[in-house]
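Chemist: First the structure, which I've put down as structure tokens, then a few questions once you've had a look.
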There are 6 protein chains.
Amino acid sequence: MFMHNKKLQYTVRVSEPNPVLGSFMLEQFGGPDGELAAAMRYFTQGLGEDDPGRKDMLLDIATEELSHLEVIGSIVAMLNKGIKAAISEGDMEEAELYMSLTKGGDSHTQAILYGGGPTLTNSSGVPWSGAYIDSRGDPTCDLRSNIAAESRAKIVYERLINVTDDPGIKDALTFLMTREVAHQKSFEKALYSITDNFPPGKLPGKEQFASVYVNTSQGDGDAEGPWNSGAEWDRIDDIAETLPADGGDGMASVDLSGDQLDRVKRLAERTRSDPDSDPTTGADLAAGKGAGRTKPVELAET
Amino acid sequence: MFMHNKKLQYTVRVSEPNPVLGSFMLEQFGGPDGELAAAMRYFTQGLGEDDPGRKDMLLDIATEELSHLEVIGSIVAMLNKGIKAAISEGDMEEAELYMSLTKGGDSHTQAILYGGGPTLTNSSGVPWSGAYIDSRGDPTCDLRSNIAAESRAKIVYERLINVTDDPGIKDALTFLMTREVAHQKSFEKALYSITDNFPPGKLPGKEQFASVYVNTSQGDGDAEGPWNSGAEWDRIDDIAETLPADGGDGMASVDLSGDQLDRVKRLAERTRSDPDSDPTTGADLAAGKGAGRTKPVELAET
Amino acid sequence: MFMHNKKLQYTVRVSEPNPVLGSFMLEQFGGPDGELAAAMRYFTQGLGEDDPGRKDMLLDIATEELSHLEVIGSIVAMLNKGIKAAISEGDMEEAELYMSLTKGGDSHTQAILYGGGPTLTNSSGVPWSGAYIDSRGDPTCDLRSNIAAESRAKIVYERLINVTDDPGIKDALTFLMTREVAHQKSFEKALYSITDNFPPGKLPGKEQFASVYVNTSQGDGDAEGPWNSGAEWDRIDDIAETLPADGGDGMASVDLSGDQLDRVKRLAERTRSDPDSDPTTGADLAAGKGAGRTKPVELAET
Amino acid sequence: MFMHNKKLQYTVRVSEPNPVLGSFMLEQFGGPDGELAAAMRYFTQGLGEDDPGRKDMLLDIATEELSHLEVIGSIVAMLNKGIKAAISEGDMEEAELYMSLTKGGDSHTQAILYGGGPTLTNSSGVPWSGAYIDSRGDPTCDLRSNIAAESRAKIVYERLINVTDDPGIKDALTFLMTREVAHQKSFEKALYSITDNFPPGKLPGKEQFASVYVNTSQGDGDAEGPWNSGAEWDRIDDIAETLPADGGDGMASVDLSGDQLDRVKRLAERTRSDPDSDPTTGADLAAGKGAGRTKPVELAET
Amino acid sequence: MFMHNKKLQYTVRVSEPNPVLGSFMLEQFGGPDGELAAAMRYFTQGLGEDDPGRKDMLLDIATEELSHLEVIGSIVAMLNKGIKAAISEGDMEEAELYMSLTKGGDSHTQAILYGGGPTLTNSSGVPWSGAYIDSRGDPTCDLRSNIAAESRAKIVYERLINVTDDPGIKDALTFLMTREVAHQKSFEKALYSITDNFPPGKLPGKEQFASVYVNTSQGDGDAEGPWNSGAEWDRIDDIAETLPADGGDGMASVDLSGDQLDRVKRLAERTRSDPDSDPTTGADLAAGKGAGRTKPVELAET
Amino acid sequence: MFMHNKKLQYTVRVSEPNPVLGSFMLEQFGGPDGELAAAMRYFTQGLGEDDPGRKDMLLDIATEELSHLEVIGSIVAMLNKGIKAAISEGDMEEAELYMSLTKGGDSHTQAILYGGGPTLTNSSGVPWSGAYIDSRGDPTCDLRSNIAAESRAKIVYERLINVTDDPGIKDALTFLMTREVAHQKSFEKALYSITDNFPPGKLPGKEQFASVYVNTSQGDGDAEGPWNSGAEWDRIDDIAETLPADGGDGMASVDLSGDQLDRVKRLAERTRSDPDSDPTTGADLAAGKGAGRTKPVELAET
């Protein structure tokens, strides 16, 4: 069960209201790498997890991310405090209020639709989606996804820090950014304390294709590096020659029953595009300036 | 800041795994009236709220809803515990596993994509959306939205209770359902302790239209009730006669500059559909069996 | 069946084109509280409704909301009339046209993608979603949802009125805003003319939890009011002490068959994060500046 | 303005409730080619249209499509009438009710979430989206899009007719299907009565590329037909030889200021993947069974 | 199988970075009529197609559209090259960087979230959706949808050309625009080389409704043209008189079993809105200034 | 530029049509970890990439993933070949066709809406979303995201292999699964050949918080492991005591101008919920059985 203390995990001191900056900050509130995504990612993993160590870690970090959601949401709320009152009280000149909504970003939607409250959208107003959560119920995948997610969150915080000179905001964002680094370290430890963490899962795959690099993009700019060359790799450069990889005919086929086959043939016949035809098309009519004619064209003999 | 205790707010005892039932339960986990929607609705309102009483109440209830998310998510996890292991370990007959995924609902996606973990989708697999949150930053709206949301959540729990005979699940769902009723009562109290709660906002509107009922749907089935008849209502039955409501011409107009007007006219001329034409169309060609012809049709003179 | 008269329900007189303002107005055209949402909310309820009074009312109001969709859409069309011709005719200096698209909001998308027509998105360009409709097929829920929706629509109109000084737009918006108040009154009457409208549905719930207030958010700022205190409420302040609410162990459990249990154990063993390990991680490698090394590290003995 | 008569445009006679079939029918209620999409497609075009003939036609057909939405929605409501009462009244055996929700399709969501009402989703429960509307504000595009949309709607009705043997449903669906054909004919006439309807818009393009067919997919199965061969087409078979089409170097470039260039170089340097390195990776650690080691690996010298 | 050459199909020469213009260009990268939508539309049709001529054509054009995706994406990448380095390196004054993100459009999200890379969203930041693909598996529909899609893509390119004066961008966009025209011509040829391409599908429909035009929108502005008048059309002007079209009662009905009927009746009774009641509502309480009262109202006798 | 050979990268041999299995396979066609997501992830990264080695690798792998999209899409097409013809030709008994659509999964939508073609949705019919692509324009993030994505794709293939006994499908899926492993290895090599790959970005963070583990979830089940204990970690167990982390007051504040402050106060006053009130609410009315009363209640004195 969750409990809450009204103190924030980190104090938020904002110099002055700025709804445009507030709308940028939404990226870490309701954006794909934001704190709700982080919290829900770990919380849902934690609920489905049986491993006692991982379950505890996931719930710890999920709970902290909820607390971060509160910090970033409080920054958004402070930045919107002026516009919230202005659009609600309606006691400002319309032209002045209008101008304050056209200073950039999507702060207009924040004001008009959401009334200046922090909202679960990204900085373009796109609603948060459950599809941001890429948990798959396998710890060797999920921990890698968590590591990647923390690295993304770190970078987005870094960018937000780069765009504001408000010292209080910079300070709080730097705290949040640092915690993402700590979380990434925890997830790394948990991943590597699983003995068989690579490749994920149980099925071994086809050994002959596991170290092949297929050089499908060629021409100027072809390059080599440890990711495609060296002792660990078999490299295929002549794609056409080696197609398909299994030595078959490279076609797709399915066995149909007699009824099915008959029906497939009837469908094919009915909807055939005749390659030997030379049809007049709607575009031909248009190109011939078909409008204004007084009666349908006489169709040529077939 | 949030804290967490690993005990659930209510004990979850599930009789046996049933992933189909688990996918139904997702409605209250990642569905539009589910516990995440409830928690986020109140949490985001709470962050933007300055009224001390409402802020405290919103954070209290948000925190409890997170705890409910944990309870319903635990039910989902228990119901999927069998399929999670089966699809991961891959040691069941394929045909048997396949059959277990075709027993109804969208449990197949739960198993294949999410690996049996609780996921932020509804019972059809639709990802949770930030658009479920209809907070508008005005308490006389938001509290009404909260009241409505609690009433919806109550009904959806009732339906879930109606479809299962597992006593442990019924018990936990009934607890959750009851809490929605309590929350609705809190929101009602908070709304009615605002002196000017109706109509919402400040602007008075046009008095002459505030008690008019427009009977736009007529014919057999026309009915009367306190919602459209009686001393409080002016009722308009003859729509066409009273159109438009303002006594104007009922048209839409805009003043254009000379340049704008010229451009609008040029656009209109260029894209005009000539009402006096009698064109042959693509469909006419088709109806005339246009394929297979050996050359384009001779176009009739214009 | 629907019929249509080309006169608007209210005359629309716009002073001059302004696509940025037009994009703000989309909030009530294709936004979550806009007129399409209103119309579809009541229309779909009306189709599923058997109660003759409510069915008639829902179809009346749905039809009027469609007429409001036409009014607000006409405002949008007028505000975009200049940019529509400009971007289609392409006879304006590119730099001038470019500048007209960077004056704020999301009017650029309106122009480039939608060609200046009214579109079913909100003011941030988010497409209208069927998920905005929260009808649940129970009148005591649906009427509450309708009441809340009307209150939200009233507020959003109020905000739009606050941001423009065009008198014709203000006039038409005020009409539309007023009608939302009238509709809210109708829905209130219909709700309270249902005898058993609270709590919604049939199932009674657990009496002992129906008047409990759980004070989950504590610390400075804890407050009391009629929503959590007084004779109607039992209040729980010591959360940890009373956990779980049912007196059980607060754990989630499920009975598994022998086969299921074996499989769950195998999965747990295979994917265990060893708490006693001290693994080197990918991040450790990076922190040690792993790049540029000429061969894989020698792994320490286990 | 819209008005409504409670008679349907076509009488709906359903033989017996069948919520699974009802969920299939949603395809034409809240699906991408359904009647709401049709109505909104033409309605939004009509609002932005100045050509008097097209405006009238678009509003006529939009209004009829709304009436079709009512017909198909009524079919859905009838098919769900049994389950709606069952799930609301809760007086059926749970096991029996559960079974009725697992008979296929997504009818479970219809029942549990939407209470048996017609909902704006498709047959998989995906909410209707404003993105279904592809109006672009140019009549030579929009009429082609309308023609295509009517043809799609015709086919989907045909498939729904094929899956049911309920004569009343077949009858009503056949009426609706037939009307799509009539609408397609109207849109064809309107398109071809525009003199310059192809190519759309004003800009002429580069003549030398307008009749070129690029044979990018080669190998067995290469075919010829009037779409890529004959006097109207220049055909390119040797792609690599003719790359790029403009005779340039086929690269992408941008002129940067000195500051920008410096910054780009610093970024490149900082994030360079060294092609001459031979790094140990996280996966290498895993492959070496990194877990359980008692201390971090000794990193080899760089 | 696909292969790739690092040369673009058309050389991209951008004069200077401009992230706002870059965000506009996204319309053809990740927007509904953009190149990914085109490529996927034809690719998925091609995979499901058996007709050898169409299959080849669809794969040819799909492959070319992927190459166009590369061209437009390269334009976006060049336009963002400056901001990408600036936001990553963080060595610019915060205020200056902030200002560069508020110059219009949604370029702020491009920078902060996507780091200046080309992203699969439209110019408002709306993520690309599989719902943009309207393939239905019937060639007489799909080819019409393709024709319409190409016409839309042509227009959107035309608009983008109209808003920039960068000659290199204009040049590349004009090439891409021209190719859409060529593709439209191919799809027209393929459609009209199907003998029975109208109406789509096999079912004939009800002859008596196939040439009826229903004049549902009346009043000033009613118009005639070849789309609703002339020998090919039967026109209905008196809607109410001819309702319903089938001569039935225009009602919706379903046969219920005895059990079902009983349950429906109980539900109706339980949730009836009493038309003869005169209830006090929540809004009435509010209008009476209900707040601040010291105890619940005494309810009047029923 | 892309080119295409009609041979598949791997031969597809399907034993018999099975549209339900086909709908499961969609997970790797249009699902979040499917081949389109993979291709677009690497392709968009490649377009924005300047590092020659990574650019080449990203385009190589993107091109191969497109070829995998073709393989999995061909499997889907084969599995649907029977239903495609059946629903198009309409020459099967309706009841039989109906039954074939209710065998599980979401194959009904595949048949009715998409006509049996492979579609860009997941196995629940959710359309593919550009939001699946989590590229951030920083290689130390993006390569980690790619590593995670490959690990997820590997697992989902493994699950699909586990649910079918068709040897041809198993064979092709195993090939595709193996290639994901190879790709993961390439991305690992590319990541670790960046010297400064951890933490991502440039900003150092606050050292004092970078190795802190906050034990926010307590109670039974608290655990220790290398992710939260040992020399590398400072662990905080007493949350309340250490709140907030910065030693401030843990509150959120913003400096407002005098005008702003006045307006905020007026808003607060106008919308205050009076904690000392004892209001009658709408729910109180309902609980008192308010319906059927013949006149509004007399409101008690305040």
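Chain identifiers are assigned as A, B, and so on, following the order in which chains appear in the structure tokens; residues are numbered from 1 within each chain, and ligands are numbered from 1 in order of appearance.
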Take chain C, superimpose it onto chain F by least squares using every C-alpha atom paired in sequence order, and output the result as a compact mmCIF listing (two decimals) with C-alpha atoms, in the first residue's frame.
Modeler:
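Result written to part_17.txt:
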# COMPACT_ATOMS: atom_id res chain seq x y z
CA MET C 1 17.87 4.41 -52.02
CA PHE C 2 16.12 1.10 -51.48
CA MET C 3 15.85 -1.74 -53.96
CA HIS C 4 13.93 -4.97 -53.67
CA ASN C 5 14.20 -8.56 -54.83
CA LYS C 6 11.03 -10.61 -54.82
CA LYS C 7 12.75 -13.51 -53.13
CA LEU C 8 12.27 -13.50 -49.39
CA GLN C 9 15.27 -13.56 -47.09
CA TYR C 10 13.92 -16.86 -45.78
CA THR C 11 11.47 -19.27 -47.39
CA VAL C 12 7.99 -19.43 -45.85
CA ARG C 13 6.18 -22.78 -45.89
CA VAL C 14 2.84 -22.82 -44.06
CA SER C 15 0.98 -26.10 -43.55
CA GLU C 16 -2.56 -24.81 -43.57
CA PRO C 17 -4.50 -21.60 -43.23
CA ASN C 18 -5.28 -20.51 -39.67
CA PRO C 19 -6.41 -16.91 -39.28
CA VAL C 20 -6.34 -17.05 -35.48
CA LEU C 21 -2.68 -17.98 -35.53
CA GLY C 22 -2.26 -15.31 -38.18
CA SER C 23 -3.62 -12.72 -35.82
CA PHE C 24 -1.14 -13.82 -33.13
CA MET C 25 1.71 -13.39 -35.62
CA LEU C 26 0.70 -9.74 -36.12
CA GLU C 27 2.52 -9.05 -32.88
CA GLN C 28 5.78 -9.17 -34.85
CA PHE C 29 4.35 -7.38 -37.89
CA GLY C 30 2.50 -4.40 -36.47
CA GLY C 31 3.14 -4.81 -32.73
CA PRO C 32 5.40 -2.66 -30.56
CA ASP C 33 8.39 -5.02 -30.83
CA GLY C 34 7.62 -6.08 -34.37
CA GLU C 35 9.70 -5.68 -37.48
CA LEU C 36 8.27 -2.35 -38.61
CA ALA C 37 9.17 -0.89 -35.25
CA ALA C 38 12.65 -2.32 -35.58
CA ALA C 39 13.13 -1.08 -39.12
CA MET C 40 11.87 2.42 -38.38
CA ARG C 41 13.83 2.66 -35.15
CA TYR C 42 17.13 2.09 -36.93
CA PHE C 43 16.20 3.88 -40.13
CA THR C 44 15.27 7.13 -38.40
CA GLN C 45 18.39 6.92 -36.24
CA GLY C 46 20.46 6.29 -39.34
CA LEU C 47 19.10 9.36 -41.13
CA GLY C 48 20.04 11.61 -38.24
CA GLU C 49 23.42 10.01 -37.59
CA ASP C 50 26.73 11.55 -38.64
CA ASP C 51 29.12 8.94 -37.27
CA PRO C 52 30.05 6.96 -40.39
CA GLY C 53 30.31 3.58 -38.69
CA ARG C 54 27.04 3.81 -36.84
CA LYS C 55 25.23 5.29 -39.83
CA ASP C 56 26.25 2.36 -42.00
CA MET C 57 25.33 -0.19 -39.33
CA LEU C 58 21.95 1.39 -38.68
CA LEU C 59 21.06 1.42 -42.37
CA ASP C 60 22.25 -2.17 -42.82
CA ILE C 61 20.13 -3.45 -39.97
CA ALA C 62 17.14 -1.27 -40.84
CA THR C 63 17.16 -2.72 -44.33
CA GLU C 64 17.35 -6.24 -43.01
CA GLU C 65 14.45 -5.57 -40.63
CA LEU C 66 12.34 -4.41 -43.57
CA SER C 67 13.15 -7.76 -45.14
CA HIS C 68 12.02 -9.46 -41.96
CA LEU C 69 8.80 -7.47 -42.06
CA GLU C 70 8.29 -9.06 -45.46
CA VAL C 71 8.89 -12.56 -44.10
CA ILE C 72 6.53 -12.27 -41.13
CA GLY C 73 3.97 -10.48 -43.29
CA SER C 74 4.12 -13.34 -45.77
CA ILE C 75 3.41 -15.80 -42.97
CA VAL C 76 0.37 -13.75 -41.98
CA ALA C 77 -0.79 -13.60 -45.59
CA MET C 78 -0.51 -17.37 -46.00
CA LEU C 79 -2.39 -18.04 -42.76
CA ASN C 80 -5.21 -15.77 -43.96
CA LYS C 81 -5.41 -17.00 -47.52
CA GLY C 82 -8.48 -19.11 -46.87
CA ILE C 83 -10.52 -16.58 -44.95
CA LYS C 84 -9.63 -13.83 -47.41
CA ALA C 85 -11.24 -15.69 -50.29
CA ALA C 86 -14.14 -16.89 -48.18
CA ILE C 87 -15.18 -13.49 -46.95
CA SER C 88 -14.71 -11.92 -50.37
CA GLU C 89 -16.49 -14.54 -52.45
CA GLY C 90 -19.35 -14.91 -49.98
CA ASP C 91 -20.11 -18.40 -51.21
CA MET C 92 -19.87 -20.13 -47.86
CA GLU C 93 -22.81 -20.71 -45.51
CA GLU C 94 -23.16 -17.64 -43.32
CA ALA C 95 -23.24 -19.72 -40.15
CA GLU C 96 -20.07 -21.54 -41.10
CA LEU C 97 -18.29 -18.30 -41.93
CA TYR C 98 -19.53 -16.78 -38.69
CA MET C 99 -18.14 -19.70 -36.72
CA SER C 100 -14.76 -19.39 -38.40
CA LEU C 101 -14.57 -15.83 -37.05
CA THR C 102 -15.24 -16.77 -33.43
CA LYS C 103 -12.41 -19.19 -32.87
CA GLY C 104 -10.40 -16.80 -30.73
CA GLY C 105 -8.15 -13.80 -30.89
CA ASP C 106 -9.00 -10.79 -33.00
CA SER C 107 -9.07 -12.57 -36.33
CA HIS C 108 -12.61 -11.30 -36.88
CA THR C 109 -11.32 -7.78 -37.40
CA GLN C 110 -8.61 -9.04 -39.70
CA ALA C 111 -11.25 -10.64 -41.86
CA ILE C 112 -14.05 -8.08 -41.79
CA LEU C 113 -12.09 -4.85 -41.87
CA TYR C 114 -8.79 -5.80 -43.47
CA GLY C 115 -10.03 -8.56 -45.73
CA GLY C 116 -7.37 -10.99 -44.62
CA GLY C 117 -4.39 -8.84 -45.50
CA PRO C 118 -1.48 -8.34 -43.12
CA THR C 119 -2.16 -5.17 -41.17
CA LEU C 120 -0.16 -2.83 -39.06
CA THR C 121 -1.78 -3.68 -35.77
CA ASN C 122 -0.75 -5.89 -32.91
CA SER C 123 -2.53 -9.11 -31.99
CA SER C 124 -5.32 -7.15 -30.26
CA GLY C 125 -5.94 -4.93 -33.26
CA VAL C 126 -4.19 -1.88 -31.79
CA PRO C 127 -2.77 0.19 -34.67
CA TRP C 128 1.00 0.56 -34.86
CA SER C 129 2.14 3.84 -33.35
CA GLY C 130 5.07 6.10 -34.05
CA ALA C 131 5.29 6.32 -30.27
CA TYR C 132 6.83 2.84 -30.30
CA ILE C 133 10.01 4.46 -31.58
CA ASP C 134 12.00 5.73 -28.62
CA SER C 135 14.96 7.21 -30.47
CA ARG C 136 16.34 10.29 -28.71
CA GLY C 137 19.15 11.40 -31.00
CA ASP C 138 21.90 10.46 -28.53
CA PRO C 139 23.81 7.29 -29.39
CA THR C 140 24.46 6.21 -25.81
CA CYS C 141 20.70 6.21 -25.24
CA ASP C 142 19.65 4.99 -28.64
CA LEU C 143 22.02 2.03 -28.68
CA ARG C 144 20.80 0.99 -25.25
CA SER C 145 17.22 1.30 -26.49
CA ASN C 146 18.14 -0.83 -29.50
CA ILE C 147 19.73 -3.48 -27.32
CA ALA C 148 16.61 -3.61 -25.19
CA ALA C 149 14.34 -3.69 -28.24
CA GLU C 150 16.23 -6.63 -29.74
CA SER C 151 15.99 -8.53 -26.48
CA ARG C 152 12.23 -7.97 -26.40
CA ALA C 153 11.83 -9.04 -30.01
CA LYS C 154 13.78 -12.21 -29.26
CA ILE C 155 11.41 -13.12 -26.44
CA VAL C 156 8.24 -12.44 -28.40
CA TYR C 157 9.48 -14.66 -31.23
CA GLU C 158 10.24 -17.35 -28.67
CA ARG C 159 6.66 -17.19 -27.41
CA LEU C 160 5.23 -17.39 -30.92
CA ILE C 161 7.40 -20.44 -31.61
CA ASN C 162 6.04 -21.99 -28.42
CA VAL C 163 2.41 -21.71 -29.53
CA THR C 164 2.52 -23.35 -32.96
CA ASP C 165 3.47 -26.81 -34.15
CA ASP C 166 3.55 -25.89 -37.84
CA PRO C 167 7.15 -26.83 -38.75
CA GLY C 168 7.51 -24.31 -41.57
CA ILE C 169 6.37 -21.46 -39.38
CA LYS C 170 8.59 -22.60 -36.51
CA ASP C 171 11.53 -22.72 -38.90
CA ALA C 172 11.06 -19.22 -40.29
CA LEU C 173 10.35 -17.73 -36.86
CA THR C 174 13.49 -19.32 -35.48
CA PHE C 175 15.52 -17.70 -38.23
CA LEU C 176 14.02 -14.32 -37.45
CA MET C 177 14.56 -14.84 -33.73
CA THR C 178 18.20 -15.68 -34.28
CA ARG C 179 18.81 -12.56 -36.29
CA GLU C 180 17.58 -10.44 -33.37
CA VAL C 181 20.36 -11.96 -31.28
CA ALA C 182 22.92 -11.06 -33.92
CA HIS C 183 21.61 -7.49 -34.09
CA GLN C 184 21.76 -7.16 -30.33
CA LYS C 185 25.42 -8.13 -30.48
CA SER C 186 26.14 -5.47 -33.11
CA PHE C 187 24.47 -2.77 -31.06
CA GLU C 188 26.38 -3.84 -27.95
CA LYS C 189 29.65 -3.54 -29.84
CA ALA C 190 28.74 -0.11 -31.16
CA LEU C 191 27.75 1.13 -27.70
CA TYR C 192 30.89 -0.05 -25.98
CA SER C 193 33.10 1.39 -28.68
CA ILE C 194 32.00 4.84 -27.50
CA THR C 195 34.49 5.85 -24.86
CA ASP C 196 32.18 7.87 -22.66
CA ASN C 197 29.01 5.87 -22.81
CA PHE C 198 27.98 6.12 -19.17
CA PRO C 199 26.30 8.09 -17.85
CA PRO C 200 24.77 9.31 -21.10
CA GLY C 201 25.20 12.94 -22.06
CA LYS C 202 27.50 15.59 -20.66
CA LEU C 203 26.08 16.98 -17.44
CA PRO C 204 27.62 15.37 -14.37
CA GLY C 205 24.71 15.52 -11.92
CA LYS C 206 24.92 15.95 -8.17
CA GLU C 207 27.52 13.55 -6.88
CA GLN C 208 25.89 13.19 -3.45
CA PHE C 209 22.76 11.63 -4.95
CA ALA C 210 24.34 9.41 -7.60
CA SER C 211 24.92 6.38 -5.40
CA VAL C 212 22.03 6.72 -3.00
CA TYR C 213 19.41 4.01 -2.84
CA VAL C 214 16.10 5.17 -1.37
CA ASN C 215 14.26 2.30 0.28
CA THR C 216 10.79 3.69 -0.30
CA SER C 217 8.96 0.36 -0.20
CA GLN C 218 9.21 -1.24 3.22
CA GLY C 219 7.62 -3.94 5.31
CA ASP C 220 7.78 -7.72 4.80
CA GLY C 221 9.69 -8.50 1.66
CA ASP C 222 12.39 -5.88 2.02
CA ALA C 223 15.50 -7.35 0.42
CA GLU C 224 19.13 -6.66 -0.24
CA GLY C 225 21.28 -7.26 -3.28
CA PRO C 226 24.07 -5.68 -5.30
CA TRP C 227 21.50 -3.21 -6.66
CA ASN C 228 20.95 -1.52 -3.29
CA SER C 229 23.62 -2.66 -0.87
CA GLY C 230 27.35 -2.90 -0.59
CA ALA C 231 30.18 -0.47 -0.87
CA GLU C 232 28.84 1.26 -3.94
CA TRP C 233 25.61 2.36 -2.29
CA ASP C 234 24.44 4.77 0.38
CA ARG C 235 21.08 3.55 1.46
CA ILE C 236 18.29 5.62 3.00
CA ASP C 237 15.80 3.67 5.05
CA ASP C 238 14.21 6.40 7.10
CA ILE C 239 12.45 8.36 4.41
CA ALA C 240 10.42 10.73 6.55
CA GLU C 241 13.45 11.77 8.54
CA THR C 242 15.49 12.75 5.50
CA LEU C 243 12.75 14.60 3.67
CA PRO C 244 13.38 16.64 1.56
CA ALA C 245 16.70 15.57 0.15
CA ASP C 246 17.95 19.15 -0.21
CA GLY C 247 17.38 20.32 3.34
CA GLY C 248 14.79 22.90 2.27
CA ASP C 249 11.17 23.02 3.32
CA GLY C 250 9.99 20.53 0.74
CA MET C 251 7.40 22.93 -0.60
CA ALA C 252 6.83 24.24 -4.13
CA SER C 253 6.84 27.98 -4.58
CA VAL C 254 6.93 30.61 -7.29
CA ASP C 255 7.44 34.34 -7.11
CA LEU C 256 4.40 36.17 -8.41
CA SER C 257 4.01 39.79 -9.40
CA GLY C 258 1.51 41.84 -7.46
CA ASP C 259 -1.09 41.56 -10.20
CA GLN C 260 -0.63 37.84 -10.45
CA LEU C 261 -0.88 37.43 -6.71
CA ASP C 262 -4.10 39.41 -6.53
CA ARG C 263 -5.62 37.34 -9.26
CA VAL C 264 -4.55 34.08 -7.64
CA LYS C 265 -6.16 35.20 -4.40
CA ARG C 266 -9.41 36.15 -6.08
CA LEU C 267 -9.54 32.77 -7.80
CA ALA C 268 -8.86 30.98 -4.51
CA GLU C 269 -11.56 32.91 -2.73
CA ARG C 270 -14.14 32.38 -5.44
CA THR C 271 -13.63 28.62 -5.60
CA ARG C 272 -12.99 27.86 -1.93
CA SER C 273 -14.41 24.66 -0.46
CA ASP C 274 -15.55 25.79 2.96
CA PRO C 275 -14.19 23.29 5.53
CA ASP C 276 -16.69 24.45 8.14
CA SER C 277 -19.77 23.96 6.01
CA ASP C 278 -22.12 21.03 6.36
CA PRO C 279 -23.69 20.94 2.94
CA THR C 280 -26.45 18.78 1.59
CA THR C 281 -25.19 17.17 -1.59
CA GLY C 282 -26.68 15.62 -4.66
CA ALA C 283 -25.87 12.23 -3.20
CA ASP C 284 -27.65 13.17 0.01
CA LEU C 285 -30.74 13.99 -2.03
CA ALA C 286 -30.52 10.65 -3.73
CA ALA C 287 -29.97 8.79 -0.50
CA GLY C 288 -33.12 10.47 0.75
CA LYS C 289 -35.00 9.12 -2.26
CA GLY C 290 -35.51 12.54 -3.76
CA ALA C 291 -37.43 11.49 -6.87
CA GLY C 292 -41.15 11.84 -7.11
CA ARG C 293 -41.30 14.81 -4.83
CA THR C 294 -43.79 17.34 -6.06
CA LYS C 295 -41.75 20.47 -5.49
CA PRO C 296 -38.19 21.51 -4.74
CA VAL C 297 -37.10 20.98 -1.19
CA GLU C 298 -37.23 23.89 1.16
CA LEU C 299 -33.64 24.75 1.78
CA ALA C 300 -32.71 25.01 5.42
CA GLU C 301 -31.56 28.41 6.64
CA THR C 302 -27.86 29.06 6.30
Chemist: Identify, with DSSP run on backbone atoms, the residues in stretch 180-278 of chain F assigned to strand (DSSP E), and express the list as a list in words.
Modeler: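 Of stretch 180-278 of chain F, the ones in strand (DSSP E) are Val212, Tyr213, Val214, Ser217, Gln218, Asp234, Arg235, Ile236, Ala252, Ser253 and Val254 of chain F.
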Chemist: Write out as a PyMOL selection string all residues of stretch 122-188 of chain F that DSSP puts in helix (DSSP H, G or I) for this structure's backbone.
Modeler: chain F and resi 130-132+139-162+167-188
